[in-house]
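Undergrad: I have a structure I would like to understand better, so I am pasting it below and will then ask my questions one at a time.
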Amino acid sequence: MRSNHPSFANLLRWCLLLRCPVCGNASIVKAPFRIKDRCSSCGAIFQREQGFFVGAILINVVTTELVILLAYMASLPVINAHYQFVLAMLFVIAVSFPVAFYHHSWSIWLSFDHLVEGLPKS
């Protein structure tokens with residue numbers, strides 16, 4: 001196995017741990033809600049050009065919609081008796097989940113991009 005092509009299991013583990021998808025040695029997170037420009041260990045570029053972040057936003061939006069849909073479907077048996085509670089719960093999920101999932105959406109996007117075309121190095 002070449003070092004620039006990790007196994008799918010390693011890539012998935014690094015993605016969940018918010019690690020660089022190329023080497024797995026460094027975090028992709030610079031600060032809360034800030035992604036590093038490049039890996040401090042291997043030099044892989046995380047933010048290449050304007051608009052590269054759109055993929056991470058897409059992942060965050062679609063995942064949030066799926067979580068809301070699953071929560072709604074799980075609440076169907078009790079929706080008649082507790083309609084206001086279900087709406088409040090769905091609202092809380094809709095507001096909090098994308099914030100909590102922000103770094104992971106970036107990690108998924110970077111891992112997918114590395115899997116498809118490889119992240120360039122500086």
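We label chains A, B, ... in the order they appear in the structure tokens, count residues from 1 in each chain, and number ligands from 1 in the order shown.
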Name all residues at most 12 Å from Leu66 of chain A (count only C-alpha atoms; drop same-chain ones fewer than 5 positions away) and give them as a PDB file with N, CA and C atoms, in the first residue's frame.
TA:
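For reference, out.pdb as written:
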ATOM      1  N   ILE A  59     -22.680  18.552   2.080  1.00  0.00           N
ATOM      2  CA  ILE A  59     -22.721  17.390   2.976  1.00  0.00           C
ATOM      3  C   ILE A  59     -23.441  17.745   4.275  1.00  0.00           C
ATOM      4  N   ASN A  60     -23.161  18.918   4.816  1.00  0.00           N
ATOM      5  CA  ASN A  60     -23.794  19.338   6.065  1.00  0.00           C
ATOM      6  C   ASN A  60     -25.302  19.508   5.881  1.00  0.00           C
ATOM      7  N   VAL A  61     -25.729  20.143   4.820  1.00  0.00           N
ATOM      8  CA  VAL A  61     -27.163  20.382   4.577  1.00  0.00           C
ATOM      9  C   VAL A  61     -27.908  19.068   4.350  1.00  0.00           C
ATOM     10  N   ALA A  71     -35.783  11.883  12.468  1.00  0.00           N
ATOM     11  CA  ALA A  71     -36.408  12.276  13.736  1.00  0.00           C
ATOM     12  C   ALA A  71     -37.914  12.443  13.571  1.00  0.00           C
ATOM     13  N   TYR A  72     -38.328  13.029  12.463  1.00  0.00           N
ATOM     14  CA  TYR A  72     -39.760  13.190  12.195  1.00  0.00           C
ATOM     15  C   TYR A  72     -40.439  11.827  12.072  1.00  0.00           C
ATOM     16  N   MET A  73     -39.816  10.931  11.316  1.00  0.00           N
ATOM     17  CA  MET A  73     -40.417   9.601  11.128  1.00  0.00           C
ATOM     18  C   MET A  73     -40.474   8.831  12.447  1.00  0.00           C
ATOM     19  N   LEU A  90     -37.842  19.104  16.479  1.00  0.00           N
ATOM     20  CA  LEU A  90     -37.330  19.206  15.109  1.00  0.00           C
ATOM     21  C   LEU A  90     -36.621  20.542  14.881  1.00  0.00           C
ATOM     22  N   ILE A  93     -33.171  20.336  16.531  1.00  0.00           N
ATOM     23  CA  ILE A  93     -32.284  19.535  15.681  1.00  0.00           C
ATOM     24  C   ILE A  93     -31.835  20.342  14.469  1.00  0.00           C
ATOM     25  N   ALA A  94     -32.780  21.039  13.838  1.00  0.00           N
ATOM     26  CA  ALA A  94     -32.460  21.814  12.633  1.00  0.00           C
ATOM     27  C   ALA A  94     -31.462  22.931  12.899  1.00  0.00           C
ATOM     28  N   PHE A  97     -27.855  20.688  14.950  1.00  0.00           N
ATOM     29  CA  PHE A  97     -27.099  19.636  14.269  1.00  0.00           C
ATOM     30  C   PHE A  97     -26.076  20.181  13.268  1.00  0.00           C
ATOM     31  N   PRO A  98     -26.432  21.133  12.399  1.00  0.00           N
ATOM     32  CA  PRO A  98     -25.424  21.616  11.448  1.00  0.00           C
ATOM     33  C   PRO A  98     -24.224  22.272  12.134  1.00  0.00           C
TER      34      PRO A  98
END
Undergrad: Work out how far apart atom CA of His104 of chain A and atom CA of Leu17 of chain A are and give it in Å to one decimal.
TA: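 Atom-to-atom, atom CA of His104 of chain A to atom CA of Leu17 of chain A, that is 8.5 Å.
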Undergrad: Identify, on the basis of only C-alpha atoms, every residue whose closest approach to Lys36 of chain A does not exceed 8 Å; exclude the query and any residue fewer than 6 positions from it along the same chain; express the result as a list in words.
TA: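 Selected residues are Ile28, Val29, Lys30, Phe46 and Gln47 of chain A.
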Undergrad: Report as an MDAnalysis selection string: the residues of chain A with a DSSP assignment of alpha helix (DSSP H), based on the backbone of this structure.
TA: chainID A and resid 8:16 54:75 83:100 102:116
Undergrad: Do you know which residues are at most 12 Å from Leu58 of chain A counting only C-alpha atoms, after dropping those on the same chain fewer than 6 positions away, and could you put them as a PyMOL selection string?
TA: chain A and resi 51-52+64-65+98+102+105-106+108-109
Undergrad: List the neighbours of Asp113 of chain A out to 10 Å using only C-alpha atoms; skip same-chain residues closer than 6 positions along the sequence, and give me the result as a PyMOL selection string.
TA: chain A and resi 21+46+55+107+119
Undergrad: May I have the residues from that selection written out with N, CA and C atoms, as a PDB file, in the first residue's frame?
TA:
ATOM      1  N   PRO A  21      -6.799  13.368   5.695  1.00  0.00           N
ATOM      2  CA  PRO A  21      -7.111  12.162   4.929  1.00  0.00           C
ATOM      3  C   PRO A  21      -5.916  11.595   4.167  1.00  0.00           C
ATOM      4  N   PHE A  46      -5.823  21.706   2.161  1.00  0.00           N
ATOM      5  CA  PHE A  46      -7.229  21.469   2.489  1.00  0.00           C
ATOM      6  C   PHE A  46      -8.160  22.470   1.812  1.00  0.00           C
ATOM      7  N   GLY A  55     -18.724  21.879  -1.211  1.00  0.00           N
ATOM      8  CA  GLY A  55     -18.944  20.443  -1.000  1.00  0.00           C
ATOM      9  C   GLY A  55     -19.202  20.122   0.459  1.00  0.00           C
ATOM     10  N   SER A 107     -14.490  17.104   7.149  1.00  0.00           N
ATOM     11  CA  SER A 107     -13.680  15.888   7.135  1.00  0.00           C
ATOM     12  C   SER A 107     -14.180  14.902   6.081  1.00  0.00           C
ATOM     13  N   LEU A 119      -5.692  14.788  -2.656  1.00  0.00           N
ATOM     14  CA  LEU A 119      -5.450  16.189  -2.246  1.00  0.00           C
ATOM     15  C   LEU A 119      -4.038  16.574  -2.667  1.00  0.00           C
TER      16      LEU A 119
END
Undergrad: Could you jot down the atom CA of Ile57 of chain A to atom CA of Gln84 of chain A separation for me, Å, one decimal place?
TA: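 Atom CA of Gln84 of chain A lies 29.5 Å from atom CA of Ile57 of chain A.
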Undergrad: Using DSSP assignments from the backbone, pull out every residue in segment 1-93 of chain A that falls under strand (DSSP E) and give it to me as a compact mmCIF listing (two decimals) with C-alpha atoms, in the first residue's frame.
TA:
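See selection-v1.txt below for the written result:
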# COMPACT_ATOMS: atom_id res chain seq x y z
CA VAL A 29 -9.24 21.70 12.68
CA LYS A 30 -7.49 25.03 13.27
CA ALA A 31 -10.01 26.44 15.76
CA ARG A 34 -12.01 27.04 11.24
CA ILE A 35 -10.33 24.45 9.03
Undergrad: Would you please work out which residue, of A:Val92, A:Ala44, A:Ile79, A:Val22, is nearest to Ser111 of chain A when using only C-alpha atoms?
TA: A:Val22
